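Have a look at final01.csv below; it lists CSV, C-alpha atoms.
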```csv
chain,number,residue,atom,x,y,z
U,1399,TYR,CA,-17.6,34.8,56.6
U,1400,GLN,CA,-14.5,36.8,56.1
U,1401,ARG,CA,-14.5,40.6,55.4
U,1402,ARG,CA,-11.9,41.9,52.9
U,1403,VAL,CA,-9.7,44.7,54.2
U,1404,HIS,CA,-7.2,46.4,51.9
U,1405,GLY,CA,-6.9,43.4,49.5
U,1406,GLY,CA,-6.7,40.9,52.4
U,1407,THR,CA,-9.2,39.2,54.6
U,1408,GLU,CA,-10.1,39.9,58.2
U,1409,PRO,CA,-10.9,36.8,60.3
U,1410,PRO,CA,-14.3,36.7,61.9
U,1411,LYS,CA,-14.5,38.2,65.3
U,1412,VAL,CA,-16.9,35.6,66.7
U,1413,GLN,CA,-15.6,32.1,66.3
U,1414,VAL,CA,-16.4,28.5,67.1
U,1415,GLU,CA,-13.3,27.6,69.0
U,1416,ASP,CA,-14.0,24.0,69.7
U,1417,LEU,CA,-16.5,21.2,69.2
U,1418,ASP,CA,-16.3,18.4,71.7
U,1419,LEU,CA,-18.2,15.4,70.2
U,1420,ILE,CA,-18.0,13.4,73.3
U,1421,ASP,CA,-19.1,15.9,76.0
U,1422,GLU,CA,-21.5,17.6,73.6
U,1423,VAL,CA,-20.0,21.1,74.1
U,1424,VAL,CA,-19.5,23.8,71.6
U,1425,SER,CA,-17.2,26.7,72.7
U,1426,ILE,CA,-17.7,30.1,71.0
U,1427,SER,CA,-15.5,33.2,71.6
U,1428,ASN,CA,-15.7,36.9,70.7
U,1429,HIS,CA,-12.4,38.5,69.8
U,1430,GLY,CA,-14.0,41.8,68.7
U,1431,ASP,CA,-16.6,44.2,69.9
U,1432,GLN,CA,-19.8,43.2,71.8
U,1433,VAL,CA,-22.2,41.3,69.6
U,1434,ALA,CA,-26.0,40.8,69.9
U,1435,LEU,CA,-26.8,37.2,69.0
U,1436,LYS,CA,-30.5,37.7,68.3
U,1437,GLY,CA,-31.3,35.8,65.1
U,1438,TRP,CA,-28.0,33.9,65.2
U,1439,ALA,CA,-27.9,30.1,65.2
U,1440,LEU,CA,-25.6,27.1,65.8
U,1441,VAL,CA,-26.0,24.3,63.4
U,1442,SER,CA,-25.0,20.6,63.4
U,1443,VAL,CA,-24.1,20.1,59.8
U,1444,THR,CA,-24.4,16.3,59.9
U,1445,GLY,CA,-27.7,16.1,61.6
U,1446,SER,CA,-29.1,19.5,60.2
U,1447,GLN,CA,-30.1,20.3,63.8
U,1448,ARG,CA,-30.3,24.0,64.7
U,1449,PHE,CA,-30.0,25.9,68.0
U,1450,GLN,CA,-31.4,29.4,68.0
U,1451,PHE,CA,-29.7,31.9,70.3
U,1452,PRO,CA,-32.1,33.7,72.7
U,1453,ASP,CA,-33.2,37.1,71.5
U,1454,ASP,CA,-31.6,38.8,74.6
U,1455,CYS,CA,-28.3,36.9,74.3
U,1456,ILE,CA,-25.3,39.3,74.2
U,1457,LEU,CA,-21.7,38.2,73.8
U,1458,PRO,CA,-19.4,40.9,75.3
U,1459,ALA,CA,-16.0,41.8,73.8
U,1460,GLY,CA,-13.4,39.3,74.8
U,1461,SER,CA,-15.8,36.8,76.3
U,1462,SER,CA,-16.9,33.3,75.5
U,1463,LEU,CA,-19.8,31.0,76.0
U,1464,LYS,CA,-20.7,27.3,75.6
U,1465,VAL,CA,-23.7,25.6,74.1
U,1466,LEU,CA,-24.5,22.3,75.9
U,1467,SER,CA,-26.5,19.3,74.7
U,1468,GLY,CA,-26.9,15.6,75.8
U,1469,LYS,CA,-28.1,14.1,79.0
U,1470,GLY,CA,-27.6,16.4,82.0
U,1471,ALA,CA,-27.1,19.4,79.8
U,1472,ARG,CA,-29.9,21.4,81.4
U,1473,ALA,CA,-28.5,20.9,85.0
U,1474,LYS,CA,-25.0,21.8,83.9
U,1475,ALA,CA,-26.1,25.0,82.1
U,1476,ALA,CA,-28.2,26.1,85.2
U,1477,LYS,CA,-24.9,26.1,87.2
U,1478,ASP,CA,-22.9,28.2,84.8
U,1479,GLN,CA,-24.0,31.6,83.4
U,1480,THR,CA,-21.6,31.2,80.5
U,1481,CYS,CA,-23.4,28.1,79.3
U,1482,LEU,CA,-26.5,27.9,77.2
U,1483,PHE,CA,-28.8,24.8,77.2
U,1484,TRP,CA,-29.8,23.4,73.9
U,1485,THR,CA,-31.4,20.0,74.4
U,1486,GLU,CA,-31.2,16.8,76.5
U,1487,ARG,CA,-30.8,14.8,73.3
U,1488,PHE,CA,-27.4,14.0,71.8
U,1489,VAL,CA,-26.8,16.2,68.9
U,1490,TRP,CA,-23.3,15.7,67.6
U,1491,ASN,CA,-22.2,12.6,65.6
U,1492,ASN,CA,-19.3,10.8,67.3
U,1493,PHE,CA,-18.2,9.5,63.9
U,1494,GLY,CA,-17.4,13.1,62.9
U,1495,ASP,CA,-19.4,16.4,62.7
U,1496,SER,CA,-19.2,20.1,62.0
U,1497,ALA,CA,-20.5,23.0,64.0
U,1498,ALA,CA,-21.5,26.1,62.0
U,1499,LEU,CA,-22.2,29.5,63.5
U,1500,VAL,CA,-24.6,31.6,61.3
U,1501,ASP,CA,-25.7,35.2,61.8
U,1502,ASP,CA,-29.1,36.8,61.5
U,1503,GLN,CA,-28.7,36.9,57.7
U,1504,ASN,CA,-28.0,33.1,57.6
U,1505,ASN,CA,-24.4,33.7,56.6
U,1506,THR,CA,-21.8,31.3,58.0
U,1507,VAL,CA,-19.6,33.3,60.4
U,1508,SER,CA,-17.4,30.4,61.6
U,1509,ARG,CA,-17.2,26.7,61.3
U,1510,VAL,CA,-15.3,23.9,63.0
U,1511,ASP,CA,-15.0,20.4,61.4
U,1512,LYS,CA,-14.3,17.6,63.9
U,1513,PRO,CA,-13.4,14.2,62.4
U,1514,GLY,CA,-14.2,10.9,64.2
U,1515,THR,CA,-11.4,8.5,65.3
U,1516,ALA,CA,-10.8,4.9,64.6
U,1517,GLU,CA,-12.1,4.0,68.1
U,1518,GLU,CA,-15.5,5.3,67.3
U,1519,THR,CA,-16.4,2.2,65.2
U,1520,GLY,CA,-17.6,0.2,68.2
U,1521,ALA,CA,-14.3,-1.7,68.5
U,1522,GLY,CA,-14.1,-0.9,72.2
U,1523,LEU,CA,-17.5,-2.4,73.0
U,1524,THR,CA,-17.7,-5.8,74.6
U,1525,ILE,CA,-20.3,-8.0,76.4
U,1526,SER,CA,-18.4,-8.3,79.6
U,1527,LYS,CA,-21.0,-10.5,81.4
U,1528,LEU,CA,-24.1,-12.5,80.7
U,1529,ASP,CA,-25.9,-13.5,83.9
U,1530,LEU,CA,-28.4,-16.2,83.1
U,1531,ILE,CA,-30.0,-16.2,86.6
U,1532,GLU,CA,-30.2,-12.5,87.1
U,1533,ASP,CA,-31.3,-12.2,83.5
U,1534,THR,CA,-29.0,-9.3,82.7
U,1535,VAL,CA,-26.3,-8.5,80.2
U,1536,LEU,CA,-23.4,-6.1,81.0
U,1537,ILE,CA,-21.9,-4.2,78.1
U,1538,THR,CA,-18.7,-2.2,78.5
U,1539,ASN,CA,-17.1,0.5,76.4
U,1540,THR,CA,-13.4,0.1,77.0
U,1541,GLY,CA,-12.5,2.7,74.4
U,1542,THR,CA,-11.7,6.4,74.9
U,1543,THR,CA,-14.7,7.7,72.9
U,1544,ALA,CA,-18.5,7.4,73.2
U,1545,GLN,CA,-20.5,5.1,71.0
U,1546,PRO,CA,-24.0,6.1,69.8
U,1547,MET,CA,-26.2,3.0,69.9
U,1548,LYS,CA,-28.9,3.9,67.4
U,1549,GLY,CA,-29.6,0.9,65.3
U,1550,TRP,CA,-27.6,-1.5,67.5
U,1551,THR,CA,-29.2,-4.6,68.9
U,1552,LEU,CA,-28.7,-7.2,71.6
U,1553,THR,CA,-29.9,-10.8,70.8
U,1554,SER,CA,-30.5,-14.0,72.7
U,1555,ALA,CA,-29.4,-16.8,70.4
U,1556,THR,CA,-31.5,-19.5,72.1
U,1557,GLY,CA,-34.8,-17.7,71.9
U,1558,ASN,CA,-33.9,-15.5,69.0
U,1559,GLN,CA,-35.2,-12.5,70.9
U,1560,THR,CA,-33.8,-9.0,70.1
U,1561,PHE,CA,-33.5,-5.8,72.1
U,1562,PRO,CA,-33.1,-2.6,70.0
U,1563,PHE,CA,-31.1,0.1,71.8
U,1564,PRO,CA,-32.9,3.4,72.2
U,1565,ASP,CA,-32.1,5.8,69.3
U,1566,ASP,CA,-30.8,8.5,71.7
U,1567,PHE,CA,-28.7,6.1,73.8
U,1568,VAL,CA,-24.9,6.7,73.9
U,1569,LEU,CA,-22.5,4.5,75.8
U,1570,ARG,CA,-19.8,6.8,77.2
U,1571,ALA,CA,-16.1,5.9,77.2
U,1572,HIS,CA,-15.0,3.8,80.1
U,1573,CYS,CA,-18.6,3.2,81.1
U,1574,ALA,CA,-20.9,0.2,81.1
U,1575,VAL,CA,-24.6,-0.4,80.8
U,1576,LYS,CA,-26.7,-3.3,82.1
U,1577,VAL,CA,-29.6,-4.5,80.1
U,1578,TRP,CA,-32.3,-6.0,82.3
U,1579,SER,CA,-35.1,-8.5,81.6
U,1580,GLY,CA,-37.3,-10.7,83.7
U,1581,ARG,CA,-39.9,-9.8,86.2
U,1582,GLY,CA,-39.5,-6.1,87.2
U,1583,GLY,CA,-36.8,-5.7,84.5
U,1584,LYS,CA,-38.3,-2.4,83.2
U,1585,ASN,CA,-38.2,-1.0,86.7
U,1586,HIS,CA,-34.4,-0.8,86.6
U,1587,HIS,CA,-34.4,1.5,83.6
U,1588,ASP,CA,-32.8,4.9,84.1
U,1589,GLY,CA,-31.7,5.4,80.5
U,1590,VAL,CA,-28.0,5.8,81.4
U,1591,ALA,CA,-26.4,2.9,83.3
U,1592,HIS,CA,-29.5,0.6,83.2
U,1593,LEU,CA,-31.8,-0.2,80.3
U,1594,GLY,CA,-35.0,-2.2,80.8
U,1595,TRP,CA,-35.7,-4.6,78.0
U,1596,THR,CA,-38.8,-6.5,79.1
U,1597,ASP,CA,-40.6,-7.9,82.2
U,1598,ARG,CA,-40.4,-11.4,80.6
U,1599,TYR,CA,-37.4,-13.7,81.2
U,1600,ILE,CA,-35.2,-13.9,78.1
U,1601,TRP,CA,-32.1,-15.9,78.9
U,1602,ASN,CA,-32.1,-19.7,79.2
U,1603,ASN,CA,-30.9,-20.7,82.6
U,1604,THR,CA,-28.9,-23.6,81.4
U,1605,THR,CA,-27.1,-22.2,78.4
U,1606,ASP,CA,-27.5,-19.2,76.1
U,1607,THR,CA,-25.5,-16.8,73.9
U,1608,ALA,CA,-25.7,-13.0,73.8
U,1609,ARG,CA,-24.8,-11.2,70.6
U,1610,LEU,CA,-24.1,-7.5,70.2
U,1611,VAL,CA,-24.7,-6.2,66.7
U,1612,ASP,CA,-24.0,-2.8,65.3
U,1613,ALA,CA,-26.1,-0.6,63.1
U,1614,THR,CA,-24.6,-2.1,59.9
U,1615,GLY,CA,-25.4,-5.7,61.0
U,1616,LYS,CA,-21.9,-6.5,62.0
U,1617,LEU,CA,-21.3,-8.8,65.0
U,1618,VAL,CA,-19.3,-6.7,67.5
U,1619,SER,CA,-19.3,-9.1,70.6
U,1620,GLU,CA,-20.6,-12.5,71.5
U,1621,VAL,CA,-20.6,-14.3,74.8
U,1622,GLU,CA,-21.8,-17.9,75.4
U,1623,GLU,CA,-22.7,-18.7,79.0
U,1624,THR,CA,-23.0,-22.5,79.7
U,1625,LYS,CA,-22.2,-22.9,83.3
U,1626,GLY,CA,-25.6,-21.7,84.7
U,1627,THR,CA,-26.4,-23.5,88.0
U,1628,GLY,CA,-27.3,-26.9,86.6
U,1629,VAL,CA,-30.8,-26.4,88.0
U,1630,ASP,CA,-33.9,-25.7,85.9
U,1631,LEU,CA,-37.5,-24.8,86.9
U,1632,SER,CA,-40.7,-25.4,85.0
U,1633,LEU,CA,-44.2,-24.2,86.1
U,1634,ASP,CA,-47.6,-25.4,85.1
U,1635,LEU,CA,-50.1,-22.7,86.1
U,1636,LYS,CA,-53.2,-24.8,85.5
U,1637,GLU,CA,-51.9,-28.0,87.2
U,1638,GLU,CA,-50.3,-26.0,90.1
U,1639,VAL,CA,-47.0,-27.9,89.7
U,1640,VAL,CA,-43.4,-26.6,89.9
U,1641,VAL,CA,-40.8,-29.0,88.7
U,1642,LEU,CA,-37.2,-28.6,89.9
U,1643,GLN,CA,-34.8,-30.5,87.5
U,1644,ASN,CA,-31.2,-31.3,88.7
U,1645,ASN,CA,-29.0,-31.3,85.5
U,1646,THR,CA,-25.8,-31.7,87.4
U,1647,HIS,CA,-23.8,-35.0,87.9
U,1648,GLU,CA,-24.2,-34.9,91.7
U,1649,ALA,CA,-27.1,-35.2,94.1
U,1650,LEU,CA,-28.3,-31.8,95.3
U,1651,ASP,CA,-29.2,-31.2,99.0
U,1652,LEU,CA,-32.1,-28.8,99.1
U,1653,THR,CA,-31.9,-28.2,102.9
U,1654,GLY,CA,-32.5,-24.5,103.5
U,1655,TRP,CA,-33.6,-23.8,99.9
U,1656,THR,CA,-36.8,-21.9,99.2
U,1657,LEU,CA,-39.2,-21.6,96.3
U,1658,LYS,CA,-41.1,-18.3,95.9
U,1659,SER,CA,-43.9,-17.2,93.7
U,1660,VAL,CA,-43.3,-13.9,91.9
U,1661,VAL,CA,-46.0,-11.5,91.0
U,1662,CYS,CA,-45.3,-8.1,89.3
U,1663,GLY,CA,-41.6,-8.4,90.1
U,1664,LYS,CA,-42.2,-8.9,93.9
U,1665,GLN,CA,-41.5,-12.2,95.6
U,1666,GLU,CA,-44.8,-13.1,97.3
U,1667,GLN,CA,-45.4,-16.6,98.8
U,1668,CYS,CA,-42.7,-18.9,100.0
U,1669,PHE,CA,-42.2,-22.7,100.2
U,1670,ARG,CA,-39.2,-24.0,102.2
U,1671,PHE,CA,-37.8,-27.4,101.2
U,1672,PRO,CA,-37.7,-29.8,104.2
U,1673,ALA,CA,-34.4,-30.6,105.9
U,1674,GLY,CA,-32.7,-33.5,104.2
U,1675,CYS,CA,-34.6,-33.2,101.0
U,1676,THR,CA,-32.3,-34.4,98.2
U,1677,VAL,CA,-32.8,-34.5,94.4
U,1678,GLN,CA,-30.6,-37.1,92.7
U,1679,ALA,CA,-28.3,-36.3,89.7
U,1680,GLY,CA,-30.5,-36.0,86.6
U,1681,GLY,CA,-33.6,-36.3,88.8
U,1682,GLU,CA,-36.5,-34.0,89.6
U,1683,VAL,CA,-38.6,-32.9,92.5
U,1684,LYS,CA,-42.2,-31.6,92.1
U,1685,VAL,CA,-43.8,-29.0,94.4
U,1686,LEU,CA,-47.6,-29.3,94.5
U,1687,SER,CA,-50.3,-26.9,95.4
U,1688,GLY,CA,-54.1,-26.7,94.9
U,1689,LYS,CA,-57.1,-28.6,96.3
U,1690,THR,CA,-55.9,-32.2,95.5
U,1691,ALA,CA,-52.2,-31.7,96.1
U,1692,ASP,CA,-52.2,-33.8,99.3
U,1693,LYS,CA,-53.5,-36.8,97.3
U,1694,GLN,CA,-50.6,-36.5,94.8
U,1695,ALA,CA,-47.8,-35.8,97.3
U,1696,ASP,CA,-45.5,-38.6,98.5
U,1697,GLY,CA,-43.1,-36.6,100.7
U,1698,SER,CA,-40.1,-37.6,98.6
U,1699,THR,CA,-40.1,-36.4,95.0
U,1700,ARG,CA,-43.6,-35.0,95.2
U,1701,LEU,CA,-43.8,-32.4,97.9
U,1702,LEU,CA,-46.9,-30.8,99.3
U,1703,TRP,CA,-46.9,-27.0,99.6
U,1704,THR,CA,-50.5,-26.1,100.3
U,1705,LEU,CA,-54.1,-26.9,99.4
U,1706,ARG,CA,-54.6,-23.3,98.3
U,1707,HIS,CA,-54.1,-22.3,94.7
U,1708,MET,CA,-50.8,-20.5,94.6
U,1709,TRP,CA,-50.3,-19.6,90.9
U,1710,ASN,CA,-51.9,-16.8,89.0
U,1711,ASP,CA,-53.5,-18.1,85.8
U,1712,SER,CA,-53.1,-14.7,84.1
U,1713,GLY,CA,-49.3,-15.1,84.4
U,1714,ASP,CA,-46.8,-15.9,87.1
U,1715,GLY,CA,-43.2,-16.7,87.9
U,1716,ALA,CA,-41.1,-18.6,90.3
U,1717,VAL,CA,-37.7,-18.1,91.7
U,1718,LEU,CA,-35.5,-20.8,93.4
U,1719,LEU,CA,-33.1,-19.6,96.1
U,1720,ASN,CA,-30.4,-21.7,97.8
U,1721,ALA,CA,-29.6,-21.7,101.5
U,1722,GLN,CA,-27.7,-18.5,101.1
U,1723,GLN,CA,-30.7,-16.9,99.4
U,1724,GLU,CA,-28.9,-16.6,96.1
U,1725,PRO,CA,-31.1,-17.1,93.0
U,1726,MET,CA,-30.4,-20.5,91.3
U,1727,ALA,CA,-33.2,-20.6,88.8
U,1728,LEU,CA,-36.1,-18.5,87.5
U,1729,VAL,CA,-39.1,-19.3,85.4
U,1730,ASP,CA,-41.8,-17.0,83.9
U,1731,VAL,CA,-45.0,-18.3,82.4
U,1732,GLN,CA,-47.5,-16.3,80.5
U,1733,PRO,CA,-51.0,-17.7,79.7
U,1734,GLU,CA,-51.6,-19.1,76.2
U,1735,ALA,CA,-53.4,-16.6,73.9
```

As structure tokens - that is how I would like this structure written.
Amino acid sequence: YQRRVHGGTEPPKVQVEDLDLIDEVVSISNHGDQVALKGWALVSVTGSQRFQFPDDCILPAGSSLKVLSGKGARAKAAKDQTCLFWTERFVWNNFGDSAALVDDQNNTVSRVDKPGTAEETGAGLTISKLDLIEDTVLITNTGTTAQPMKGWTLTSATGNQTFPFPDDFVLRAHCAVKVWSGRGGKNHHDGVAHLGWTDRYIWNNTTDTARLVDATGKLVSEVEETKGTGVDLSLDLKEEVVVLQNNTHEALDLTGWTLKSVVCGKQEQCFRFPAGCTVQAGGEVKVLSGKTADKQADGSTRLLWTLRHMWNDSGDGAVLLNAQQEPMALVDVQPEA
């Protein structure tokens, strides 16, 4: 509000000096006498969200304070007596918002309007890497402003599977986030630099396309990955058979390569391919286990692992590692409903 003085107006003594949409900080200063802020509130006009000042909050003459929100706000406020903690959620709209300071009579004392910028449309967001083997997608914000991801999605074109970003997730400027899937994918989730999609494998090892779509349904970024490794795995839980398919145009020497079963995201049991084992271009090699595996094996394209049952009928996965222990192919199988 403004108080009239001798036909003019007197500017408010307590003012919202600045609203930082990116860092989620509102700065408030007192240019007059000491003010008790009991009953006062700070309001996000766009989101109609309200912060109530503590009853014992006093703003001395000539002093200032900051109201913090967003991830890490509690820790920041604890280190600075001039800061007040609002919430760990993101409050302010990066596309433009207004901060209004209201007194105990609900009168607007001061207000700051902060428009968004052209960069806050998601133009700075790109899919910088799709890793078909690791089953991850890296998304980078190359712009100078943060991007709220509410309503945004990441889609695998081959399987038509979609990941909706958390409503409160914001990708900060000059930062990246990795979206994980596959066995143990959710274990990587920290809500900031890593997001866990699912514990099932999403991306096709041979070729797939990742699409990033904004809240309006507009395609923002698309990456097609076709190189893969040229090696595919398939797993039959009931028959206890793993098939390694060589889709390259050259013979593949499997000396030093290993096949491991994966249970709950942990590599459990290991089969080492015999020295000199080769799979021809376009050919396949089967790894057999179970009670009758020795009767089916021929030592060439049908290899005996063990007479024990290796694979979990309730769901299991396999990872193929080369001689340098780098993952070359993954497969995840869930039981039929």

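Non-sequential neighbours of U:Val1441 (distance at most 8 Å, separation of 5 or more positions within a chain, only C-alpha atoms) are Ser1446, Gln1447, Arg1448, Phe1449, Ala1497, Ala1498, Leu1499 and Val1500 of chain U.
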
Could you write out that same residue set with C-alpha atoms as a compact mmCIF listing (two decimals), keeping the file's coordinate frame?
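The result, stored in part_7.txt:
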```txt
# COMPACT_ATOMS: atom_id res chain seq x y z
CA SER U 1446 -29.10 19.50 60.20
CA GLN U 1447 -30.10 20.30 63.80
CA ARG U 1448 -30.30 24.00 64.70
CA PHE U 1449 -30.00 25.90 68.00
CA ALA U 1497 -20.50 23.00 64.00
CA ALA U 1498 -21.50 26.10 62.00
CA LEU U 1499 -22.20 29.50 63.50
CA VAL U 1500 -24.60 31.60 61.30
```

Inset, instruction - Counting all atoms listed in the file, figure out which residue out of U:Ser1659, U:Ser1427, U:Ser1687, U:Thr1551 gets nearest to U:Thr1704. - result: U:Ser1687

Inset, instruction - Just the residues within 9 Å of U:Val1510, please, counting all atoms listed in the file, with nothing from its chain fewer than 4 positions along; format it as a ChimeraX atom specification. - result: /U:1413-1417,1495-1499

Legend entry - Residues near U:Asn1428, cut-off 12 Å, only C-alpha atoms, skip fewer than 2 positions along chain, as a ChimeraX atom specification: /U:1409-1415,1425-1426,1430-1435,1456-1464,1507-1508

Inset, instruction - Using only C-alpha atoms, find the one residue out of U:Phe1567, U:Thr1543, U:Ala1673, U:Met1708 that sits nearest to U:Lys1689. - result: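 Answer, going by the shortest atom-to-atom distance: U:Met1708.
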
Inset, instruction - Tell me, as a list in words, which residues lie within 12 Å of stretch 1690-1697 of chain U, counting only C-alpha atoms; anything in the same chain fewer than 2 positions away does not count. - result: Glu1637, Glu1638, Val1639, Val1640, Phe1671, Pro1672, Ala1673, Gly1674, Cys1675, Thr1676, Val1683, Lys1684, Val1685, Leu1686, Ser1687, Gly1688, Thr1699, Arg1700, Leu1701, Leu1702, Trp1703, Thr1704, Leu1705, Arg1706, His1707 and Met1708 of chain U

Selection file, C-alpha atoms, as a PDB file, in the coordinates of the input:
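File selection-v2.pdb, as written:
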```pdb
ATOM      1  CA  GLU U1637     -51.900 -28.000  87.200  1.00  0.00           C
ATOM      2  CA  GLU U1638     -50.300 -26.000  90.100  1.00  0.00           C
ATOM      3  CA  VAL U1639     -47.000 -27.900  89.700  1.00  0.00           C
ATOM      4  CA  VAL U1640     -43.400 -26.600  89.900  1.00  0.00           C
ATOM      5  CA  PHE U1671     -37.800 -27.400 101.200  1.00  0.00           C
ATOM      6  CA  PRO U1672     -37.700 -29.800 104.200  1.00  0.00           C
ATOM      7  CA  ALA U1673     -34.400 -30.600 105.900  1.00  0.00           C
ATOM      8  CA  GLY U1674     -32.700 -33.500 104.200  1.00  0.00           C
ATOM      9  CA  CYS U1675     -34.600 -33.200 101.000  1.00  0.00           C
ATOM     10  CA  THR U1676     -32.300 -34.400  98.200  1.00  0.00           C
ATOM     11  CA  VAL U1683     -38.600 -32.900  92.500  1.00  0.00           C
ATOM     12  CA  LYS U1684     -42.200 -31.600  92.100  1.00  0.00           C
ATOM     13  CA  VAL U1685     -43.800 -29.000  94.400  1.00  0.00           C
ATOM     14  CA  LEU U1686     -47.600 -29.300  94.500  1.00  0.00           C
ATOM     15  CA  SER U1687     -50.300 -26.900  95.400  1.00  0.00           C
ATOM     16  CA  GLY U1688     -54.100 -26.700  94.900  1.00  0.00           C
ATOM     17  CA  THR U1699     -40.100 -36.400  95.000  1.00  0.00           C
ATOM     18  CA  ARG U1700     -43.600 -35.000  95.200  1.00  0.00           C
ATOM     19  CA  LEU U1701     -43.800 -32.400  97.900  1.00  0.00           C
ATOM     20  CA  LEU U1702     -46.900 -30.800  99.300  1.00  0.00           C
ATOM     21  CA  TRP U1703     -46.900 -27.000  99.600  1.00  0.00           C
ATOM     22  CA  THR U1704     -50.500 -26.100 100.300  1.00  0.00           C
ATOM     23  CA  LEU U1705     -54.100 -26.900  99.400  1.00  0.00           C
ATOM     24  CA  ARG U1706     -54.600 -23.300  98.300  1.00  0.00           C
ATOM     25  CA  HIS U1707     -54.100 -22.300  94.700  1.00  0.00           C
ATOM     26  CA  MET U1708     -50.800 -20.500  94.600  1.00  0.00           C
TER      27      MET U1708
END
```

Inset, instruction - Name the residues in contact with U:Leu1631 at a cut-off of 6 Å, using all atoms listed in the file, excluding same-chain residues fewer than 4 positions from it; report them as a count of residues only. - result: 3

Inset, instruction - Identify which of the residues U:Lys1576, U:Lys1636, U:Lys1527, U:Lys1512 lies closest to U:Gly1589, counting only C-alpha atoms when measuring atom-to-atom distances. - result: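 Of the candidates, the smallest distance to U:Gly1589 is held by U:Lys1576.
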
Legend entry - Closest of U:Ile1531, U:Leu1552, U:Val1590, U:Ala1471 to U:Asn1602 - atom-to-atom distances counting all atoms listed in the file: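 Closest residue, counting all atoms listed in the file: U:Ile1531.
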
Legend entry - Of the listed residues U:Glu1422, U:Asp1634, U:Asp1612, U:Asp1533, that which approaches U:Gly1549 most closely, counting only C-alpha atoms: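 For U:Gly1549, the nearest of the given residues is U:Asp1612.
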
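Counting from atom CA of U:Ala1608, the distance to atom CA of U:Trp1578 is 12.8 Å.
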
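Taking atom CA of U:Glu1648 and atom CA of U:Asp1606 as the two end points, the separation is 22.4 Å.
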
Inset, instruction - Pick out the closest residue to U:Val1577 from this set: U:Lys1658, U:Arg1487, U:His1592, U:His1429. Count all atoms listed in the file. - result: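 Looking at the shortest contact to U:Val1577, the residue is U:His1592.
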
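Take atom CA of U:Lys1436 and atom CA of U:Asn1491: the distance between them is 26.6 Å.
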
Inset, instruction - Using all atoms listed in the file, find all polymer residues with an atom at most 7 Å away from the point (-27.8, -19.9, 79.6); report them as a list in words. - result: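 The residues near that point, listed by chain and number, are Leu1530, Trp1601, Asn1602, Asn1603, Thr1604, Thr1605, Asp1606, Thr1607, Glu1623, Thr1624 and Gly1626 of chain U.
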
Inset, instruction - Please return, as a PyMOL selection string, all polymer residues that have at least one atom within 12 Å of the point (-20.6, 4.8, 75.0); use all atoms listed in the file and the file's own coordinate frame. - result: chain U and resi 1419-1421+1488+1492+1517-1524+1537-1548+1563+1566-1575+1590-1591
